[in-house]
Structure formats: C-alpha cells, structure tokens
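File shown here: data-v5.pdb, holding PDB, C-alpha atoms.
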```
ATOM      1  CA  MET C   1       0.000   0.000   0.000
ATOM      2  CA  GLU C   2       1.069   3.598  -0.621
ATOM      3  CA  LEU C   3       1.511   5.846   2.397
ATOM      4  CA  THR C   4      -0.165   9.219   2.789
ATOM      5  CA  GLU C   5       1.597  12.306   4.150
ATOM      6  CA  ASP C   6       0.100  11.665   7.604
ATOM      7  CA  GLN C   7       1.153   8.017   7.529
ATOM      8  CA  LEU C   8       4.714   9.031   6.639
ATOM      9  CA  GLU C   9       4.977  10.794   9.988
ATOM     10  CA  VAL C  10       3.977   7.578  11.749
ATOM     11  CA  ALA C  11       6.328   5.556   9.525
ATOM     12  CA  GLU C  12       9.246   7.723  10.649
ATOM     13  CA  ASN C  13       8.862   6.432  14.208
ATOM     14  CA  GLU C  14       8.389   2.849  13.067
ATOM     15  CA  VAL C  15      11.522   2.850  10.902
ATOM     16  CA  ARG C  16      13.508   4.402  13.760
ATOM     17  CA  ARG C  17      12.997   1.179  15.734
ATOM     18  CA  PHE C  18      15.416  -0.577  13.384
ATOM     19  CA  LEU C  19      18.286   1.912  13.530
ATOM     20  CA  PRO C  20      21.076   1.811  12.515
ATOM     21  CA  ARG C  21      20.196  -0.836   9.891
ATOM     22  CA  SER C  22      17.316   1.285   8.601
ATOM     23  CA  LEU C  23      19.261   4.570   8.667
ATOM     24  CA  LYS C  24      19.170   5.283   4.945
ATOM     25  CA  VAL C  25      15.392   4.875   4.664
ATOM     26  CA  TYR C  26      14.909   6.606   8.022
ATOM     27  CA  GLY C  27      16.945   9.587   6.836
ATOM     28  CA  PHE C  28      14.939   9.724   3.625
ATOM     29  CA  ILE C  29      11.625   9.830   5.511
ATOM     30  CA  VAL C  30      12.884  12.350   8.079
ATOM     31  CA  LEU C  31      13.969  14.717   5.311
ATOM     32  CA  ARG C  32      10.819  14.049   3.296
ATOM     33  CA  ASN C  33       8.603  14.886   6.286
ATOM     34  CA  ARG C  34      10.291  18.273   6.706
ATOM     35  CA  VAL C  35      11.301  19.386   3.209
ATOM     36  CA  GLN C  36       9.123  19.233   0.103
ATOM     37  CA  SER C  37      11.207  18.309  -2.927
ATOM     38  CA  GLU C  38      10.510  16.085  -5.912
ATOM     39  CA  PRO C  39       7.507  13.695  -5.744
ATOM     40  CA  VAL C  40       8.098  10.282  -4.206
ATOM     41  CA  THR C  41       6.018   7.173  -3.549
ATOM     42  CA  VAL C  42       6.516   5.241  -0.314
ATOM     43  CA  LEU C  43       5.128   1.694  -0.269
ATOM     44  CA  VAL C  44       4.806  -0.806   2.592
ATOM     45  CA  ASP C  45       3.664  -4.426   2.723
ATOM     46  CA  LYS C  46       1.047  -3.679   5.417
ATOM     47  CA  TRP C  47       0.044  -0.954   7.867
ATOM     48  CA  PRO C  48       0.933   0.086  10.483
ATOM     49  CA  LYS C  49       3.420  -2.638  11.516
ATOM     50  CA  PHE C  50       5.096  -3.013   8.139
ATOM     51  CA  ARG C  51       8.033  -5.315   7.479
ATOM     52  CA  VAL C  52       9.118  -3.875   4.127
ATOM     53  CA  ILE C  53       9.280  -0.256   3.058
ATOM     54  CA  VAL C  54      10.173   0.919  -0.453
ATOM     55  CA  CYS C  55      10.856   4.571  -1.318
ATOM     56  CA  LYS C  56      10.403   5.207  -5.032
ATOM     57  CA  PRO C  57      11.117   8.502  -6.809
ATOM     58  CA  SER C  58       8.962   9.654  -9.693
ATOM     59  CA  TYR C  59      10.336   8.710 -13.110
ATOM     60  CA  GLU C  60       9.369  11.234 -15.782
ATOM     61  CA  LYS C  61      12.094  10.471 -18.308
ATOM     62  CA  GLU C  62      14.733   7.793 -18.880
ATOM     63  CA  SER C  63      17.520   9.980 -17.476
ATOM     64  CA  ASP C  64      15.734   9.951 -14.098
ATOM     65  CA  VAL C  65      17.262   6.522 -13.523
ATOM     66  CA  PHE C  66      19.820   8.095 -11.185
ATOM     67  CA  LYS C  67      17.031   8.680  -8.687
ATOM     68  CA  ASP C  68      17.570   5.547  -6.638
ATOM     69  CA  ILE C  69      14.955   3.314  -5.044
ATOM     70  CA  LEU C  70      15.635   2.768  -1.330
ATOM     71  CA  ILE C  71      14.554  -0.446   0.359
ATOM     72  CA  PHE C  72      14.580  -1.668   3.951
ATOM     73  CA  ALA C  73      13.093  -4.893   5.278
ATOM     74  CA  SER C  74      12.936  -6.507   8.701
ATOM     75  CA  ASP C  75      11.776  -9.797   7.147
ATOM     76  CA  ALA C  76      13.708 -11.349   4.244
ATOM     77  CA  THR C  77      10.843 -13.571   3.105
ATOM     78  CA  ILE C  78       8.400 -10.667   2.922
ATOM     79  CA  LEU C  79      11.032  -8.620   1.084
ATOM     80  CA  GLU C  80      11.301 -11.255  -1.625
ATOM     81  CA  GLU C  81       7.513 -11.470  -1.956
ATOM     82  CA  THR C  82       7.112  -7.700  -2.076
ATOM     83  CA  ILE C  83       9.668  -6.929  -4.787
ATOM     84  CA  ARG C  84       8.084  -9.566  -7.062
ATOM     85  CA  ILE C  85       4.944  -7.412  -7.266
ATOM     86  CA  PRO C  86       5.068  -5.465 -10.579
ATOM     87  CA  SER C  87       3.516  -2.350  -9.060
ATOM     88  CA  VAL C  88       6.306  -2.216  -6.462
ATOM     89  CA  ILE C  89       9.334  -2.739  -8.716
ATOM     90  CA  GLU C  90       9.016  -2.147 -12.455
ATOM     91  CA  TRP C  91      11.660  -4.628 -13.529
ATOM     92  CA  SER C  92      11.259  -3.767 -17.209
ATOM     93  CA  ARG C  93      12.794  -0.289 -16.856
ATOM     94  CA  TYR C  94      16.213   1.019 -15.940
ATOM     95  CA  LEU C  95      16.659   0.934 -12.158
ATOM     96  CA  CYS C  96      19.080   2.065  -9.500
ATOM     97  CA  ILE C  97      18.425   0.365  -6.155
ATOM     98  CA  GLY C  98      20.166   0.991  -2.836
ATOM     99  CA  SER C  99      19.998  -1.391   0.111
ATOM    100  CA  SER C 100      22.127  -3.254   2.627
ATOM    101  CA  ARG C 101      24.509  -5.835   1.219
ATOM    102  CA  SER C 102      22.544  -8.753   2.706
ATOM    103  CA  GLN C 103      19.208  -7.538   1.357
ATOM    104  CA  MET C 104      20.748  -6.735  -2.016
ATOM    105  CA  GLU C 105      21.465 -10.452  -2.444
ATOM    106  CA  ILE C 106      17.716 -11.102  -2.290
ATOM    107  CA  ILE C 107      17.026  -8.268  -4.749
ATOM    108  CA  ARG C 108      19.651  -9.572  -7.170
ATOM    109  CA  ALA C 109      18.233 -13.100  -6.941
ATOM    110  CA  VAL C 110      14.775 -11.876  -7.940
ATOM    111  CA  ALA C 111      16.296  -9.831 -10.781
ATOM    112  CA  PHE C 112      18.198 -12.904 -12.001
ATOM    113  CA  GLU C 113      15.002 -14.990 -12.068
ATOM    114  CA  LYS C 114      13.400 -12.281 -14.205
ATOM    115  CA  ASN C 115      16.437 -12.228 -16.535
ATOM    116  CA  VAL C 116      17.182  -8.648 -15.549
ATOM    117  CA  PRO C 117      20.916  -7.864 -15.854
ATOM    118  CA  GLY C 118      22.524  -5.894 -13.030
ATOM    119  CA  ASN C 119      25.883  -4.441 -12.063
ATOM    120  CA  LYS C 120      27.272  -3.048  -8.844
ATOM    121  CA  LEU C 121      27.670   0.719  -8.914
ATOM    122  CA  SER C 122      29.059   1.266  -5.447
ATOM    123  CA  GLU C 123      29.645  -0.385  -2.063
ATOM    124  CA  CYS C 124      30.130   1.844   0.947
ATOM    125  CA  HIS C 125      30.863   2.077   4.630
ATOM    126  CA  MET C 126      27.989   3.732   6.461
ATOM    127  CA  MET C 127      29.615   6.241   8.819
ATOM    128  CA  ILE C 128      27.536   7.677  11.689
ATOM    129  CA  LEU C 129      28.499  10.644  13.867
ATOM    130  CA  GLU C 130      28.947   9.313  17.408
ATOM    131  CA  ASP C 131      31.265  11.874  19.017
ATOM    132  CA  GLU C 132      30.195  15.436  18.205
ATOM    133  CA  SER C 133      32.961  16.843  20.423
ATOM    134  CA  ARG C 134      35.551  15.883  17.777
ATOM    135  CA  LEU C 135      34.032  18.168  15.154
ATOM    136  CA  PRO C 136      36.124  21.274  14.391
ATOM    137  CA  SER C 137      35.075  24.872  14.932
ATOM    138  CA  THR C 138      32.847  26.259  12.195
ATOM    139  CA  ASP C 139      34.608  29.628  11.965
ATOM    140  CA  CYS C 140      36.909  30.553   9.075
ATOM    141  CA  SER C 141      39.961  31.442  11.166
ATOM    142  CA  GLY C 142      42.112  28.843   9.425
ATOM    143  CA  PHE C 143      41.146  29.903   5.897
ATOM    144  CA  SER C 144      43.282  31.999   3.550
ATOM    145  CA  SER C 145      42.388  35.672   3.419
ATOM    146  CA  GLY C 146      39.121  36.328   1.618
ATOM    147  CA  PHE C 147      37.883  32.722   1.744
ATOM    148  CA  SER C 148      34.536  32.093   3.461
ATOM    149  CA  LEU C 149      31.907  29.481   4.306
ATOM    150  CA  SER C 150      28.592  29.604   2.460
ATOM    151  CA  SER C 151      25.912  27.436   0.827
ATOM    152  CA  LEU C 152      25.759  26.312  -2.792
ATOM    153  CA  SER C 153      23.394  27.931  -5.283
ATOM    154  CA  GLU C 154      22.083  26.828  -8.676
ATOM    155  CA  SER C 155      24.821  28.858 -10.345
ATOM    156  CA  HIS C 156      27.283  26.252  -9.000
ATOM    157  CA  LEU C 157      25.369  23.324 -10.486
ATOM    158  CA  ASP C 158      27.611  22.636 -13.496
ATOM    159  CA  LEU C 159      30.804  22.728 -11.415
ATOM    160  CA  VAL C 160      29.454  20.213  -8.891
ATOM    161  CA  ASN C 161      28.127  17.941 -11.639
ATOM    162  CA  GLN C 162      31.347  18.007 -13.677
ATOM    163  CA  THR C 163      33.510  16.995 -10.724
ATOM    164  CA  TRP C 164      31.274  14.168  -9.433
ATOM    165  CA  LYS C 165      32.366  10.682 -10.496
ATOM    166  CA  PHE C 166      28.934   9.929 -11.963
ATOM    167  CA  GLY C 167      28.466  13.412 -13.410
ATOM    168  CA  LYS C 168      28.707  12.351 -17.053
ATOM    169  CA  HIS C 169      25.377  10.547 -16.789
ATOM    170  CA  PRO C 170      22.495  12.652 -18.209
ATOM    171  CA  GLY C 171      20.338  12.104 -15.142
ATOM    172  CA  THR C 172      22.672  13.615 -12.563
ATOM    173  CA  LEU C 173      22.169  17.292 -13.388
ATOM    174  CA  GLY C 174      18.513  17.295 -12.344
ATOM    175  CA  MET C 175      19.245  15.296  -9.210
ATOM    176  CA  ILE C 176      21.988  17.695  -8.081
ATOM    177  CA  ARG C 177      19.778  20.690  -8.903
ATOM    178  CA  ASP C 178      17.129  19.282  -6.566
ATOM    179  CA  MET C 179      19.716  18.665  -3.833
ATOM    180  CA  ILE C 180      21.060  22.224  -4.015
ATOM    181  CA  ALA C 181      17.568  23.753  -4.127
ATOM    182  CA  HIS C 182      15.984  21.828  -1.269
ATOM    183  CA  PHE C 183      18.585  20.225   1.027
ATOM    184  CA  PRO C 184      21.410  21.615   3.194
ATOM    185  CA  SER C 185      24.762  22.271   1.505
ATOM    186  CA  ARG C 186      27.998  23.972   2.494
ATOM    187  CA  CYS C 187      30.911  25.295   0.456
ATOM    188  CA  VAL C 188      34.108  27.325   0.736
ATOM    189  CA  LEU C 189      34.122  30.384  -1.532
ATOM    190  CA  ASP C 190      37.272  32.100  -2.800
ATOM    191  CA  PRO C 191      37.550  35.920  -2.739
ATOM    192  CA  GLU C 192      35.720  36.098  -6.100
ATOM    193  CA  GLY C 193      32.781  34.059  -4.744
ATOM    194  CA  ARG C 194      33.658  30.839  -6.589
ATOM    195  CA  PRO C 195      33.344  27.477  -4.766
ATOM    196  CA  VAL C 196      36.645  25.675  -4.232
ATOM    197  CA  SER C 197      35.297  22.950  -1.910
ATOM    198  CA  TRP C 198      31.773  21.708  -1.151
ATOM    199  CA  ILE C 199      29.509  19.093   0.405
ATOM    200  CA  LEU C 200      25.827  18.342  -0.234
ATOM    201  CA  THR C 201      22.984  16.344   1.302
ATOM    202  CA  TYR C 202      21.423  13.420  -0.550
ATOM    203  CA  ALA C 203      17.674  12.770  -0.525
ATOM    204  CA  CYS C 204      18.301  10.095   2.143
ATOM    205  CA  CYS C 205      19.788  12.816   4.400
ATOM    206  CA  ALA C 206      23.359  11.491   4.073
ATOM    207  CA  MET C 207      26.173  13.979   3.559
ATOM    208  CA  GLY C 208      27.888  13.437   0.234
ATOM    209  CA  MET C 209      29.619  14.651  -2.928
ATOM    210  CA  LEU C 210      32.445  16.056  -0.794
ATOM    211  CA  TYR C 211      34.982  17.551  -3.184
ATOM    212  CA  THR C 212      37.842  20.049  -3.167
ATOM    213  CA  LEU C 213      39.410  21.411  -6.339
ATOM    214  CA  PRO C 214      42.925  19.913  -6.657
ATOM    215  CA  GLU C 215      44.735  23.247  -6.394
ATOM    216  CA  HIS C 216      43.024  23.984  -3.060
ATOM    217  CA  ARG C 217      43.614  20.667  -1.279
ATOM    218  CA  GLY C 218      45.587  20.289   1.934
ATOM    219  CA  ARG C 219      44.172  23.452   3.482
ATOM    220  CA  GLY C 220      41.587  21.879   5.795
ATOM    221  CA  TYR C 221      38.538  22.874   3.752
ATOM    222  CA  ALA C 222      37.000  19.391   3.652
ATOM    223  CA  LYS C 223      37.295  19.029   7.413
ATOM    224  CA  ALA C 224      35.718  22.452   7.955
ATOM    225  CA  LEU C 225      32.830  21.603   5.629
ATOM    226  CA  ILE C 226      32.124  18.262   7.299
ATOM    227  CA  GLY C 227      32.084  19.951  10.698
ATOM    228  CA  SER C 228      29.823  22.760   9.510
ATOM    229  CA  MET C 229      27.408  20.436   7.715
ATOM    230  CA  ALA C 230      27.270  17.968  10.611
ATOM    231  CA  LYS C 231      26.419  20.738  13.075
ATOM    232  CA  THR C 232      23.800  22.168  10.691
ATOM    233  CA  LEU C 233      22.078  18.799  10.277
ATOM    234  CA  LYS C 234      22.269  18.082  14.004
ATOM    235  CA  ALA C 235      20.764  21.477  14.865
ATOM    236  CA  GLN C 236      17.867  20.855  12.491
ATOM    237  CA  GLY C 237      17.108  17.462  14.031
ATOM    238  CA  TYR C 238      18.419  15.320  11.179
ATOM    239  CA  PRO C 239      20.527  12.158  11.547
ATOM    240  CA  VAL C 240      24.192  12.829  10.767
ATOM    241  CA  PHE C 241      25.815  10.182   8.594
ATOM    242  CA  CYS C 242      27.529   9.587   5.271
ATOM    243  CA  PHE C 243      28.587   6.835   2.899
ATOM    244  CA  VAL C 244      32.266   6.309   2.089
ATOM    245  CA  GLU C 245      33.228   4.016  -0.763
ATOM    246  CA  GLU C 246      35.277   1.050   0.389
ATOM    247  CA  GLU C 247      38.314   1.995  -1.705
ATOM    248  CA  ASN C 248      38.371   5.599  -0.409
ATOM    249  CA  ALA C 249      40.767   5.193   2.514
ATOM    250  CA  VAL C 250      41.500   8.938   2.733
ATOM    251  CA  SER C 251      37.857   9.878   3.293
ATOM    252  CA  TYR C 252      37.363   6.965   5.680
ATOM    253  CA  GLN C 253      40.258   8.168   7.849
ATOM    254  CA  LEU C 254      39.010  11.761   7.675
ATOM    255  CA  PHE C 255      35.502  10.943   8.882
ATOM    256  CA  THR C 256      36.838   8.563  11.531
ATOM    257  CA  SER C 257      39.111  11.305  12.893
ATOM    258  CA  MET C 258      36.055  13.548  13.265
ATOM    259  CA  GLY C 259      33.997  11.199  15.441
ATOM    260  CA  PHE C 260      32.224   9.072  12.816
ATOM    261  CA  THR C 261      32.081   5.306  13.346
ATOM    262  CA  GLU C 262      30.685   2.304  11.472
ATOM    263  CA  ASP C 263      29.495  -1.226  12.047
ATOM    264  CA  PRO C 264      32.033  -3.302  10.043
ATOM    265  CA  SER C 265      29.404  -5.971   9.402
ATOM    266  CA  HIS C 266      27.081  -3.496   7.685
ATOM    267  CA  ARG C 267      27.613  -2.256   4.121
ATOM    268  CA  GLN C 268      25.386  -0.247   1.817
ATOM    269  CA  VAL C 269      25.287  -1.262  -1.838
ATOM    270  CA  TRP C 270      23.873   0.321  -4.988
ATOM    271  CA  PHE C 271      23.101  -1.781  -8.058
ATOM    272  CA  GLY C 272      21.988  -0.710 -11.502
ATOM    273  CA  PHE C 273      19.626  -2.992 -13.413
ATOM    274  CA  ASN C 274      18.714  -3.290 -17.092
ATOM    275  CA  ASN C 275      22.064  -2.007 -18.373
ATOM    276  CA  PHE C 276      22.130   1.010 -16.079
TER     277      PHE C 276
END
```
Represent the structure contained in this file as structure tokens.
Amino acid sequence: MELTEDQLEVAENEVRRFLPRSLKVYGFIVLRNRVQSEPVTVLVDKWPKFRVIVCKPSYEKESDVFKDILIFASDATILEETIRIPSVIEWSRYLCIGSSRSQMEIIRAVAFEKNVPGNKLSECHMMILEDESRLPSTDCSGFSSGFSLSSLSESHLDLVNQTWKFGKHPGTLGMIRDMIAHFPSRCVLDPEGRPVSWILTYACCAMGMLYTLPEHRGRGYAKALIGSMAKTLKAQGYPVFCFVEEENAVSYQLFTSMGFTEDPSHRQVWFGFNNF
C-alpha cells in the first residue's frame, strides 16, 4: 500500500525502531517529512506494523534513472515477496536500487530470475556521527584571506556535476539541482565568490559529494565543511551520517578522525539494473 503524508509521519517512528540498519530509509523519511522536494512514492507491505518499506522517486524520463529506489526490510521472506509485485518494482525499466549488502542479495536473486541484468555501482561504509565533540570549529579562522563558508546555489550546479564521479550521466544534473535547491549544503568560496570545496545532502539525508578542487587541497577545507554540515544537520534534528566508498581510505580516515564510526558488518550497496 502507498503511504499518505500523515502516515509518513507515523512511519518515521516505526523505521527508527530498526536503527542503525534502517538509517538510509529513516533519513529519507525524516527529510521528506520536513522538506518538500521532488515527488516520491513510499510503499509498505502492510500498515501500520510493516516489514518492508520501499521509497520510489517519480520517473518522468529515462535519465531519471539516477534517482535511486531505497529499500529496507525486517523480514527477508516478505522482502522477496514484495519486490516480485510489478507495481512495487518495475523490472522492465532502468533501475538504480540501494539497500544493505545482505538484502541486495535477495534483490539480485529476484532480478536474475526475471532475466534482468545488473551491475554493482558502489559499495560503501555507512559512517555515523557518534562523538560530536571531535568536530572542528565552524569559523573561518584557518582559511586563507578572503575565503569564506557559504551554501551552494544553482549557479554552482555545473561545477558540482562536472567533478562528481557519476556526473557524465544525463540524469545527474537534475538530481543535483534538486539537492542544491531543497537540502542543506555547504561550500568554501574564494575571494571572487567561486566554490573551491563543497559538500551536499542526498535525498536520504546522508552527507555526500564532498569535493575540493585539486589546487586547493591540503588546506583543511573538507574538514571544515564536514564539521559545519554535521552541526547544521544536528541542529535541524536530522541524523548525521555519510557513505564512504570502500576503496576511499582517505575519506574513511578523515571521517573517523572527526567522530564518525561504522558497524564493520554493515555495508550499503547500490546496483543498476537493465544495463544502467
């Protein structure tokens, strides 16, 4: 069944019972309940004590494939039954699905039975802020003269898109535009007002797309942005977490040094299906 706006507020509390395993879906619902952005459909197997919840973005064109479907389940058997329903997962179209590594095995098995090809896009550590005292000051005292903290605007859209690893895909521009317009972001501006380092918030409430232009690295901008963004999210009542790709040891060490921790047994995975 599809949840109404009122039911989403109740669902937020229900999903919270399964933290931290449900953090990605929980963050999505928390942000959705407070910020109106692009349309989304949230489905559950039953109400109110659901065992599977699926968050589906609206697909208006093929390039919208980069809007990922988020899935959490407390019951593996019900998960398998639910994602076989055509109205829940449209297996005939291009799909990007994010879930835990263990639940992704079930999703991939169903896709295989339906002869739907899939490939892994990313596997990440889920890092959660546990020790806020290790976050740095949010002032600009350590910046070069004329550099300042600010938020991103739509005028920065092309720069952010061009430097993101998936930015060449036609669907990313609209997704990043929505993130900048509706969700928290932070950046370091040079004296001419141009971003040299930035961080955004995904629709699931995770911090992400952290990037510093090569010629400005080693100056502490990334650390300042993480601290500023984490405090902003915390002050607004949002969960504070991020995803770090397994091969990105530098970012892993950076977030760890700032009070973020992970459960080594838990990984988040994104798969693309139908030749994504």
Within 12 Å of (5.6, 0.7, -9.6) (file coordinates; only C-alpha atoms), which protein or nucleic acid residues are there? I'd like them as a PyMOL selection string. chain C and resi 1-2+40-43+54-59+69+82-93+95
Quick one: of C:Pro239, C:Pro48, C:Pro117, C:Gly227, who's nearest to Met258 in chain C, counting only C-alpha atoms? C:Gly227
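Comparing C:Ile128, C:Ala224, C:Leu157, C:Ala109 by their smallest distance to Ser197 in chain C, the closest is C:Ala224 (using only C-alpha atoms).
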Considering all atoms listed in the file, can you say which of C:Asn274, C:Thr212, C:Thr261, C:Gln36 comes closest to Met127 in chain C? C:Thr261
Could you state which residues are captured by the PyMOL selection byres ((chain C and resi 187) around 7) in this file, as a PyMOL selection string? chain C and resi 149-152+185-186+188-189+195+197-199+225
For range 130-147 of chain C, list every protein, DNA or RNA residue within 10 Å, evaluated using all atoms listed in the file, and leave out those in the same chain fewer than 3 positions away; present the list as a compact mmCIF listing (two decimals) with C-alpha atoms, keeping the file's coordinate frame.
```
# COMPACT_ATOMS: atom_id res chain seq x y z
CA MET C 127 29.62 6.24 8.82
CA SER C 150 28.59 29.60 2.46
CA VAL C 188 34.11 27.32 0.74
CA LEU C 189 34.12 30.38 -1.53
CA ASP C 190 37.27 32.10 -2.80
CA PRO C 191 37.55 35.92 -2.74
CA GLU C 192 35.72 36.10 -6.10
CA GLY C 193 32.78 34.06 -4.74
CA ARG C 194 33.66 30.84 -6.59
CA PRO C 195 33.34 27.48 -4.77
CA VAL C 196 36.65 25.68 -4.23
CA ARG C 219 44.17 23.45 3.48
CA GLY C 220 41.59 21.88 5.80
CA TYR C 221 38.54 22.87 3.75
CA LYS C 223 37.30 19.03 7.41
CA ALA C 224 35.72 22.45 7.96
CA LEU C 225 32.83 21.60 5.63
CA ILE C 226 32.12 18.26 7.30
CA GLY C 227 32.08 19.95 10.70
CA SER C 228 29.82 22.76 9.51
CA MET C 229 27.41 20.44 7.72
CA ALA C 230 27.27 17.97 10.61
CA LYS C 231 26.42 20.74 13.08
CA LYS C 234 22.27 18.08 14.00
CA VAL C 240 24.19 12.83 10.77
CA PHE C 241 25.82 10.18 8.59
CA PHE C 255 35.50 10.94 8.88
CA THR C 256 36.84 8.56 11.53
CA SER C 257 39.11 11.30 12.89
CA MET C 258 36.06 13.55 13.26
CA GLY C 259 34.00 11.20 15.44
CA PHE C 260 32.22 9.07 12.82
CA THR C 261 32.08 5.31 13.35
CA GLU C 262 30.68 2.30 11.47
```
Distance in Å - CA of Tyr94 in chain C versus CA of Lys114 in chain C: 13.7 Å
If you apply the PyMOL selection byres ((chain C and resi 5-16) around 9) to this file, what residues do you get, as a list in words? Leu3, Thr4, Arg17, Phe18, Leu19, Pro20, Ser22, Leu23, Val25, Tyr26, Gly27, Ile29, Val30, Arg32, Asn33, Val42, Pro48, Lys49, Phe50, Ile53 and Phe72 of chain C
So that I can check the surroundings of Glu105 in chain C, please list as JSON, numbers by chain every protein, DNA and RNA residue that reaches within 12 Å of it, counting all atoms listed in the file and ignoring chain neighbours fewer than 4 positions away. {"C": [76, 79, 80, 97, 98, 99, 100, 101, 109, 110, 111, 112, 118, 120, 268, 269, 270, 271]}
What is the CA of Trp164 in chain C to CA of Cys204 in chain C distance in Å?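 That distance, rounded to one decimal, is 17.9 Å.
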Shortest interatomic distance to His156 in chain C - which of C:Pro39, C:Arg217, C:Leu200, C:His169, counting only C-alpha atoms: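 Result for the nearest residue to His156 in chain C: C:Leu200.
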